[in-house]
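Okay, protein17.cif is below, mmCIF, C-alpha atoms and all ligand atoms:
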data_coords
loop_
_atom_site.label_atom_id
_atom_site.label_comp_id
_atom_site.auth_asym_id
_atom_site.auth_seq_id
_atom_site.Cartn_x
_atom_site.Cartn_y
_atom_site.Cartn_z
CA MET A 279 19.26 -13.15 -6.15
CA GLU A 280 19.37 -13.85 -9.87
CA GLU A 281 20.40 -10.87 -11.97
CA GLU A 282 17.20 -11.04 -14.05
CA ILE A 283 15.00 -10.83 -10.96
CA LEU A 284 17.11 -8.09 -9.43
CA LYS A 285 16.67 -6.04 -12.60
CA LYS A 286 12.90 -6.40 -12.36
CA TYR A 287 12.84 -5.32 -8.70
CA ARG A 288 14.99 -2.32 -9.64
CA LYS A 289 12.77 -1.31 -12.53
CA ALA A 290 9.57 -1.70 -10.48
CA GLY A 291 11.11 0.31 -7.63
CA LYS A 292 12.24 3.11 -9.90
CA ILE A 293 8.84 3.43 -11.58
CA ALA A 294 7.08 3.35 -8.19
CA ALA A 295 9.34 6.13 -6.91
CA LYS A 296 8.77 8.29 -9.99
CA ALA A 297 4.99 7.76 -9.81
CA ARG A 298 4.96 8.52 -6.07
CA ASP A 299 6.74 11.82 -6.65
CA PHE A 300 4.54 12.60 -9.65
CA GLY A 301 1.43 12.07 -7.49
CA LYS A 302 2.96 14.00 -4.61
CA GLU A 303 3.45 17.07 -6.83
CA MET A 304 -0.26 17.08 -7.66
CA ILE A 305 -1.48 16.93 -4.07
CA ASP A 306 -2.95 20.22 -2.88
CA GLU A 307 -6.10 21.58 -1.27
CA GLY A 308 -9.13 21.25 -3.57
CA VAL A 309 -7.54 18.84 -6.07
CA SER A 310 -9.85 15.89 -6.76
CA TYR A 311 -9.12 12.36 -5.53
CA GLU A 312 -9.98 11.13 -8.97
CA LYS A 313 -7.33 13.27 -10.64
CA VAL A 314 -4.49 12.25 -8.32
CA VAL A 315 -5.34 8.53 -8.37
CA ASP A 316 -6.14 8.36 -12.06
CA GLN A 317 -3.12 10.29 -13.30
CA THR A 318 -0.70 8.50 -11.00
CA GLU A 319 -2.03 5.14 -12.16
CA LYS A 320 -1.69 6.30 -15.79
CA LYS A 321 1.88 7.44 -15.09
CA ILE A 322 2.85 3.97 -13.86
CA LYS A 323 1.62 2.42 -17.10
CA GLU A 324 3.30 5.11 -19.22
CA LEU A 325 6.60 4.33 -17.50
CA GLY A 326 6.20 0.66 -18.41
CA GLY A 327 5.05 -0.71 -15.07
CA LYS A 328 1.98 -2.61 -13.96
CA LEU A 329 -0.07 -1.71 -10.91
CA ALA A 330 0.67 -3.96 -7.93
CA PHE A 331 -2.34 -2.36 -6.19
CA PRO A 332 -4.57 0.69 -6.68
CA VAL A 333 -2.94 4.01 -5.82
CA ASN A 334 -3.93 4.64 -2.21
CA LEU A 335 -4.78 8.20 -1.20
CA SER A 336 -5.51 8.43 2.51
CA MET A 337 -6.36 11.66 4.28
CA ASN A 338 -5.73 12.63 7.92
CA GLU A 339 -7.26 9.96 10.22
CA VAL A 340 -7.40 7.43 7.38
CA GLY A 341 -4.38 5.13 7.45
CA ALA A 342 -4.72 2.99 4.33
CA HIS A 343 -6.88 1.39 1.64
CA ASP A 344 -8.61 4.56 0.55
CA THR A 345 -8.63 5.36 -3.17
CA ALA A 346 -10.89 7.01 -5.73
CA ASP A 347 -14.33 5.41 -5.87
CA ILE A 348 -16.59 5.23 -8.92
CA ASN A 349 -18.04 8.73 -9.43
CA GLU A 350 -15.68 9.99 -6.77
CA LYS A 351 -16.61 13.50 -5.62
CA ARG A 352 -14.09 14.09 -2.84
CA ASN A 353 -11.35 16.70 -3.01
CA ILE A 354 -8.18 16.92 -0.98
CA GLU A 355 -8.63 18.84 2.27
CA PRO A 356 -6.01 20.44 4.49
CA GLY A 357 -4.07 17.99 6.63
CA LEU A 358 -1.77 15.02 6.10
CA ILE A 359 -2.27 13.20 2.80
CA LYS A 360 -0.62 9.80 2.28
CA ILE A 361 0.03 8.54 -1.24
CA ASP A 362 0.99 4.86 -1.47
CA VAL A 363 2.09 3.41 -4.80
CA GLY A 364 2.75 -0.20 -5.86
CA VAL A 365 4.32 -1.26 -9.15
CA HIS A 366 5.30 -4.67 -10.46
CA ILE A 367 7.38 -5.99 -13.32
CA ASP A 368 6.50 -9.64 -13.94
CA GLY A 369 5.27 -9.80 -10.33
CA TYR A 370 8.37 -8.25 -8.72
CA ILE A 371 7.09 -5.36 -6.64
CA GLY A 372 8.18 -1.90 -5.60
CA ASP A 373 6.02 -0.48 -2.81
CA THR A 374 6.51 3.09 -1.56
CA ALA A 375 4.60 5.82 0.21
CA THR A 376 5.01 9.35 1.44
CA THR A 377 3.00 11.90 3.40
CA VAL A 378 2.27 15.37 2.05
CA PRO A 379 1.35 18.11 4.54
CA VAL A 380 -1.32 20.33 2.96
CA LYS A 381 -1.90 23.72 4.62
CA THR A 382 -1.01 22.33 8.03
CA LYS A 383 1.67 22.95 10.64
CA ASN A 384 1.63 19.25 11.56
CA LYS A 385 5.05 18.63 9.99
CA GLU A 386 6.56 16.93 13.05
CA LEU A 387 4.21 14.00 12.61
CA VAL A 388 5.49 13.60 9.05
CA GLU A 389 9.06 13.82 10.31
CA ALA A 390 8.38 11.11 12.92
CA SER A 391 7.52 8.41 10.38
CA GLU A 392 10.27 9.57 7.98
CA LYS A 393 12.94 9.48 10.68
CA ALA A 394 11.73 6.06 11.87
CA LEU A 395 12.01 4.73 8.32
CA GLU A 396 15.46 6.26 7.83
CA LYS A 397 16.77 4.73 11.06
CA ALA A 398 15.23 1.34 10.26
CA LEU A 399 16.77 1.29 6.76
CA ASP A 400 20.17 2.15 8.24
CA MET A 401 19.98 -1.03 10.34
CA ILE A 402 19.16 -3.38 7.45
CA LYS A 403 21.82 -6.08 7.09
CA PRO A 404 21.93 -9.87 6.93
CA GLY A 405 21.65 -11.49 10.36
CA ILE A 406 19.83 -8.69 12.19
CA LYS A 407 16.55 -9.60 13.90
CA ILE A 408 13.40 -7.86 12.73
CA SER A 409 12.50 -7.26 16.38
CA GLU A 410 15.60 -5.08 16.84
CA ILE A 411 14.60 -2.85 13.94
CA SER A 412 10.93 -2.75 15.01
CA SER A 413 11.97 -1.55 18.46
CA ARG A 414 13.96 1.25 16.88
CA ILE A 415 10.95 2.28 14.80
CA GLU A 416 8.79 2.38 17.92
CA SER A 417 11.28 4.33 20.03
CA THR A 418 11.98 6.83 17.24
CA ILE A 419 8.29 7.65 16.85
CA LYS A 420 7.76 7.82 20.61
CA ASP A 421 10.73 10.20 20.96
CA PHE A 422 8.73 12.61 18.80
CA GLY A 423 5.85 12.27 21.27
CA TYR A 424 3.66 10.18 18.95
CA ASN A 425 2.47 6.57 18.76
CA PRO A 426 3.34 4.01 16.10
CA ILE A 427 0.32 2.22 14.62
CA ARG A 428 0.62 -1.25 16.10
CA ASN A 429 -1.69 -3.09 13.71
CA LEU A 430 -0.21 -1.76 10.47
CA THR A 431 3.09 -3.38 9.53
CA GLY A 432 5.69 -3.59 6.85
CA HIS A 433 5.90 -6.88 5.00
CA GLY A 434 7.97 -9.25 2.93
CA LEU A 435 7.58 -9.15 -0.85
CA GLY A 436 7.59 -12.09 -3.25
CA GLN A 437 6.66 -12.57 -6.89
CA TYR A 438 2.98 -11.59 -7.23
CA ASP A 439 2.91 -11.65 -3.44
CA LEU A 440 2.33 -8.30 -1.79
CA HIS A 441 2.35 -9.57 1.79
CA ALA A 442 4.78 -12.46 1.66
CA LYS A 443 6.02 -14.45 4.61
CA THR A 444 7.19 -12.26 7.40
CA LYS A 445 5.59 -9.13 8.79
CA PHE A 446 7.72 -6.15 9.70
CA PRO A 447 6.04 -4.61 12.77
CA ASN A 448 6.30 -0.98 13.83
CA ILE A 449 6.40 -1.86 17.53
CA GLU A 450 8.59 -4.08 19.68
CA THR A 451 7.70 -7.77 19.27
CA GLU A 452 9.13 -11.19 20.02
CA LEU A 453 9.67 -11.85 16.31
CA ASP A 454 13.12 -13.44 16.06
CA TYR A 455 13.30 -13.77 12.25
CA LYS A 456 16.78 -12.80 11.08
CA LEU A 457 17.13 -10.97 7.77
CA LYS A 458 19.05 -12.79 5.09
CA GLU A 459 20.61 -11.77 1.80
CA GLY A 460 18.06 -11.58 -0.99
CA ASP A 461 15.06 -10.97 1.29
CA VAL A 462 12.86 -8.16 0.01
CA PHE A 463 10.88 -6.08 2.49
CA ALA A 464 8.64 -3.04 2.44
CA LEU A 465 9.22 -1.05 5.62
CA GLU A 466 6.41 1.34 6.47
CA PRO A 467 6.29 3.11 9.81
CA PHE A 468 3.00 4.86 10.59
CA ALA A 469 2.89 7.54 13.30
CA THR A 470 -0.17 9.10 14.92
CA ASP A 471 -1.27 11.53 17.62
CA GLY A 472 -4.13 9.09 18.33
CA ALA A 473 -4.37 5.69 20.02
CA GLY A 474 -1.86 3.91 17.76
CA LYS A 475 -4.34 1.52 16.22
CA VAL A 476 -6.50 1.45 13.10
CA ILE A 477 -10.03 0.05 12.81
CA GLU A 478 -12.04 -0.96 9.76
CA SER A 479 -14.58 1.48 8.40
CA ASN A 480 -17.63 0.36 6.45
CA ARG A 481 -16.30 1.55 3.06
CA THR A 482 -14.44 -0.82 0.74
CA MET A 483 -13.09 0.06 -2.69
CA ILE A 484 -10.20 -2.42 -2.90
CA PHE A 485 -10.48 -6.20 -3.30
CA LYS A 486 -8.28 -9.16 -4.17
CA TRP A 487 -8.77 -12.70 -5.46
CA ASN A 488 -9.03 -15.19 -2.63
CA ASP A 489 -10.46 -18.53 -3.71
CA GLU A 490 -12.09 -20.32 -6.63
CA LYS A 491 -15.82 -20.61 -5.81
CA PRO A 492 -18.78 -21.51 -7.95
CA VAL A 493 -20.87 -18.43 -8.70
CA ARG A 494 -24.11 -18.28 -10.62
CA SER A 495 -24.20 -14.70 -11.85
CA ARG A 496 -22.36 -13.92 -15.09
CA GLU A 497 -20.97 -10.61 -13.74
CA ALA A 498 -19.63 -12.21 -10.58
CA ARG A 499 -17.93 -14.93 -12.62
CA LYS A 500 -16.37 -12.31 -14.86
CA ILE A 501 -15.05 -10.31 -11.88
CA LEU A 502 -13.52 -13.42 -10.34
CA LYS A 503 -11.86 -14.30 -13.62
CA MET A 504 -10.39 -10.79 -13.94
CA ALA A 505 -9.23 -10.87 -10.30
CA LYS A 506 -7.28 -14.03 -11.01
CA GLY A 507 -6.08 -13.36 -14.56
CA LYS A 508 -5.94 -9.68 -15.46
CA PHE A 509 -5.05 -8.55 -11.92
CA ASN A 510 -2.80 -11.55 -11.13
CA LYS A 511 -4.44 -12.12 -7.71
CA LEU A 512 -3.11 -8.72 -6.63
CA PRO A 513 -5.39 -6.03 -5.14
CA PHE A 514 -7.61 -4.12 -7.56
CA SER A 515 -10.12 -1.31 -7.19
CA LYS A 516 -13.81 -1.27 -7.95
CA ARG A 517 -13.08 1.59 -10.35
CA TRP A 518 -10.96 -0.70 -12.53
CA LEU A 519 -14.04 -2.79 -13.33
CA VAL A 520 -16.38 -0.10 -14.66
CA ASN A 521 -15.61 -0.69 -18.32
CA ASP A 522 -16.21 -4.44 -18.09
CA ILE A 523 -19.02 -4.89 -15.59
CA SER A 524 -22.48 -3.35 -15.65
CA LYS A 525 -22.52 -0.54 -13.09
CA LEU A 526 -25.92 -1.66 -11.85
CA ARG A 527 -24.60 -5.04 -10.81
CA LEU A 528 -21.10 -4.14 -9.74
CA ASN A 529 -21.66 -3.51 -6.02
CA MET A 530 -23.98 -6.46 -5.65
CA SER A 531 -21.56 -8.82 -7.39
CA LEU A 532 -18.62 -7.67 -5.27
CA ARG A 533 -20.64 -8.09 -2.07
CA GLN A 534 -21.67 -11.56 -3.17
CA LEU A 535 -18.11 -12.63 -4.02
CA GLU A 536 -16.81 -11.27 -0.75
CA SER A 537 -19.53 -12.99 1.30
CA ILE A 538 -18.56 -16.41 -0.07
CA ASN A 539 -14.82 -15.65 0.39
CA ALA A 540 -14.10 -15.75 -3.33
CA LEU A 541 -12.74 -12.21 -2.93
CA TYR A 542 -10.88 -10.71 -0.03
CA LYS A 543 -11.82 -7.13 0.86
CA TYR A 544 -9.65 -4.27 2.12
CA PRO A 545 -11.91 -1.91 4.04
CA VAL A 546 -10.73 1.68 4.49
CA LEU A 547 -8.76 1.79 7.76
CA ARG A 548 -9.06 4.73 10.13
CA GLU A 549 -7.38 5.66 13.39
CA ALA A 550 -9.29 4.24 16.36
CA GLU A 551 -9.44 7.58 18.19
CA GLY A 552 -9.56 9.74 15.09
CA GLY A 553 -5.88 10.67 15.38
CA ILE A 554 -4.00 12.05 12.39
CA ILE A 555 -1.71 9.51 10.68
CA SER A 556 1.57 9.88 8.78
CA GLN A 557 3.31 7.14 6.79
CA ALA A 558 6.68 6.68 5.09
CA GLU A 559 7.54 3.58 3.06
CA HIS A 560 10.38 2.15 0.99
CA THR A 561 11.17 -1.24 -0.49
CA VAL A 562 14.59 -2.68 0.33
CA ILE A 563 16.57 -5.69 -0.85
CA VAL A 564 18.66 -7.15 1.97
CA GLY A 565 22.35 -7.59 1.17
CA LYS A 566 25.80 -6.71 2.44
CA ASP A 567 24.95 -3.35 0.91
CA PRO A 568 21.17 -3.06 1.24
CA GLU A 569 19.50 -1.64 -1.84
CA ILE A 570 16.52 0.68 -1.47
CA THR A 571 14.77 0.19 -4.79
CA THR A 572 12.22 2.99 -4.35
CA MET A 573 14.68 5.79 -3.66
CA LEU A 574 15.55 7.98 -6.67
MN MN B 601 2.54 0.67 0.36
MN MN B 602 3.43 -1.88 1.87
#

So that I can check it, write out the structure of this file as structure tokens.
Amino acid sequence: MEEEILKKYRKAGKIAAKARDFGKEMIDEGVSYEKVVDQTEKKIKELGGKLAFPVNLSMNEVGAHDTADINEKRNIEPGLIKIDVGVHIDGYIGDTATTVPVKTKNKELVEASEKALEKALDMIKPGIKISEISSRIESTIKDFGYNPIRNLTGHGLGQYDLHAKTKFPNIETELDYKLKEGDVFALEPFATDGAGKVIESNRTMIFKWNDEKPVRSREARKILKMAKGKFNKLPFSKRWLVNDISKLRLNMSLRQLESINALYKYPVLREAEGGIISQAEHTVIVGKDPEITTML
């Protein structure tokens, strides 16, 4: 990897890690979603990073894609709270997440995803098959007596590309891709006491540019332009649009853009059986000595 690019991955990773820990410190019973999301997003900008996606704050049976909505009223409740942070420098991304137990004894579930991530990162080296590492993630979580989430995976990272190329599953697969030097991956084991699968809920707060489509309404056109330009085709939240788009037309415009596939939507994902979910995530650059960019 070119030195310039490596530097950008390192900087993005470091800012993501600092923001993750900053957000983590704030998480406690009764603290508002808005405060944690807003201040963590501000922190990323203060540290000189750009948001690769909205700060995700997912509680208990919610696995991913939850964040503060417009006029968000929710507060953090006891249980397992996941905070997932993405930062980019010129498109080079650091993606990291952790789970905070709030007034709960459910710490083993947190340990299961953390241990799975630790073991997986220990195996990272050029030439190893993803399937070997995925199997280790699965067996580690199962040894704790829990299930990995089979339809949430880690992923490759590329410039302005949050889910590049290859997936990095949390269960045994036939995937025979072999890691090579310079590959960048986000590894993110999810563990649950439920079925081991997430399903889409009917709430969506996060979207991403998908395709150039003709749209008649002025607001919809403006959103699509921001999705492509300001947000660099990376995921953005509805909340990020409130200063630019009339609140009255915002939901309608987003629905319209999504229905014609101009935008891609990320519905809030919840455990199929209502199980509690934990998550641990780091970004790693593959090399003779693998480099975890999101570890402080
Ligand atoms: Mn993430
Ligand atoms: Mn990720």

Would you name the residues within 12 Å of ligand MN 601 (chain B), counting only C-alpha atoms and all ligand atoms, and put them as an NGL selection string?
-> :A and (291 or 294-295 or 298 or 329-336 or 341-344 or 360-365 or 371-377 or 430-435 or 440-441 or 463-468 or 513 or 557-561 or 572)

Select, counting all atoms listed in the file, all protein, DNA and RNA residues no farther than 12 Å from (-15.2, -8.7, -2.4) in file coordinates, and express the selection as a PyMOL selection string.
-> chain A and resi 481-489+498+501-502+505+513-516+528-545

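Distances to Phe509 of chain A were evaluated for A:His366, A:Leu325, A:Gly460, A:Lys285 using all atoms listed in the file, and the minimum falls at A:His366.
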
May I have the residues within 9 Å of Val378 of chain A as a ChimeraX atom specification, using all atoms listed in the file and disregarding those fewer than 4 positions away in the same chain?
-> /A:302,305-306,357-361,388,556

Could you work out how far atom CA of Gln437 of chain A lies from atom CA of Leu547 of chain A, giving the answer in Å with one decimal?
-> 25.7 Å
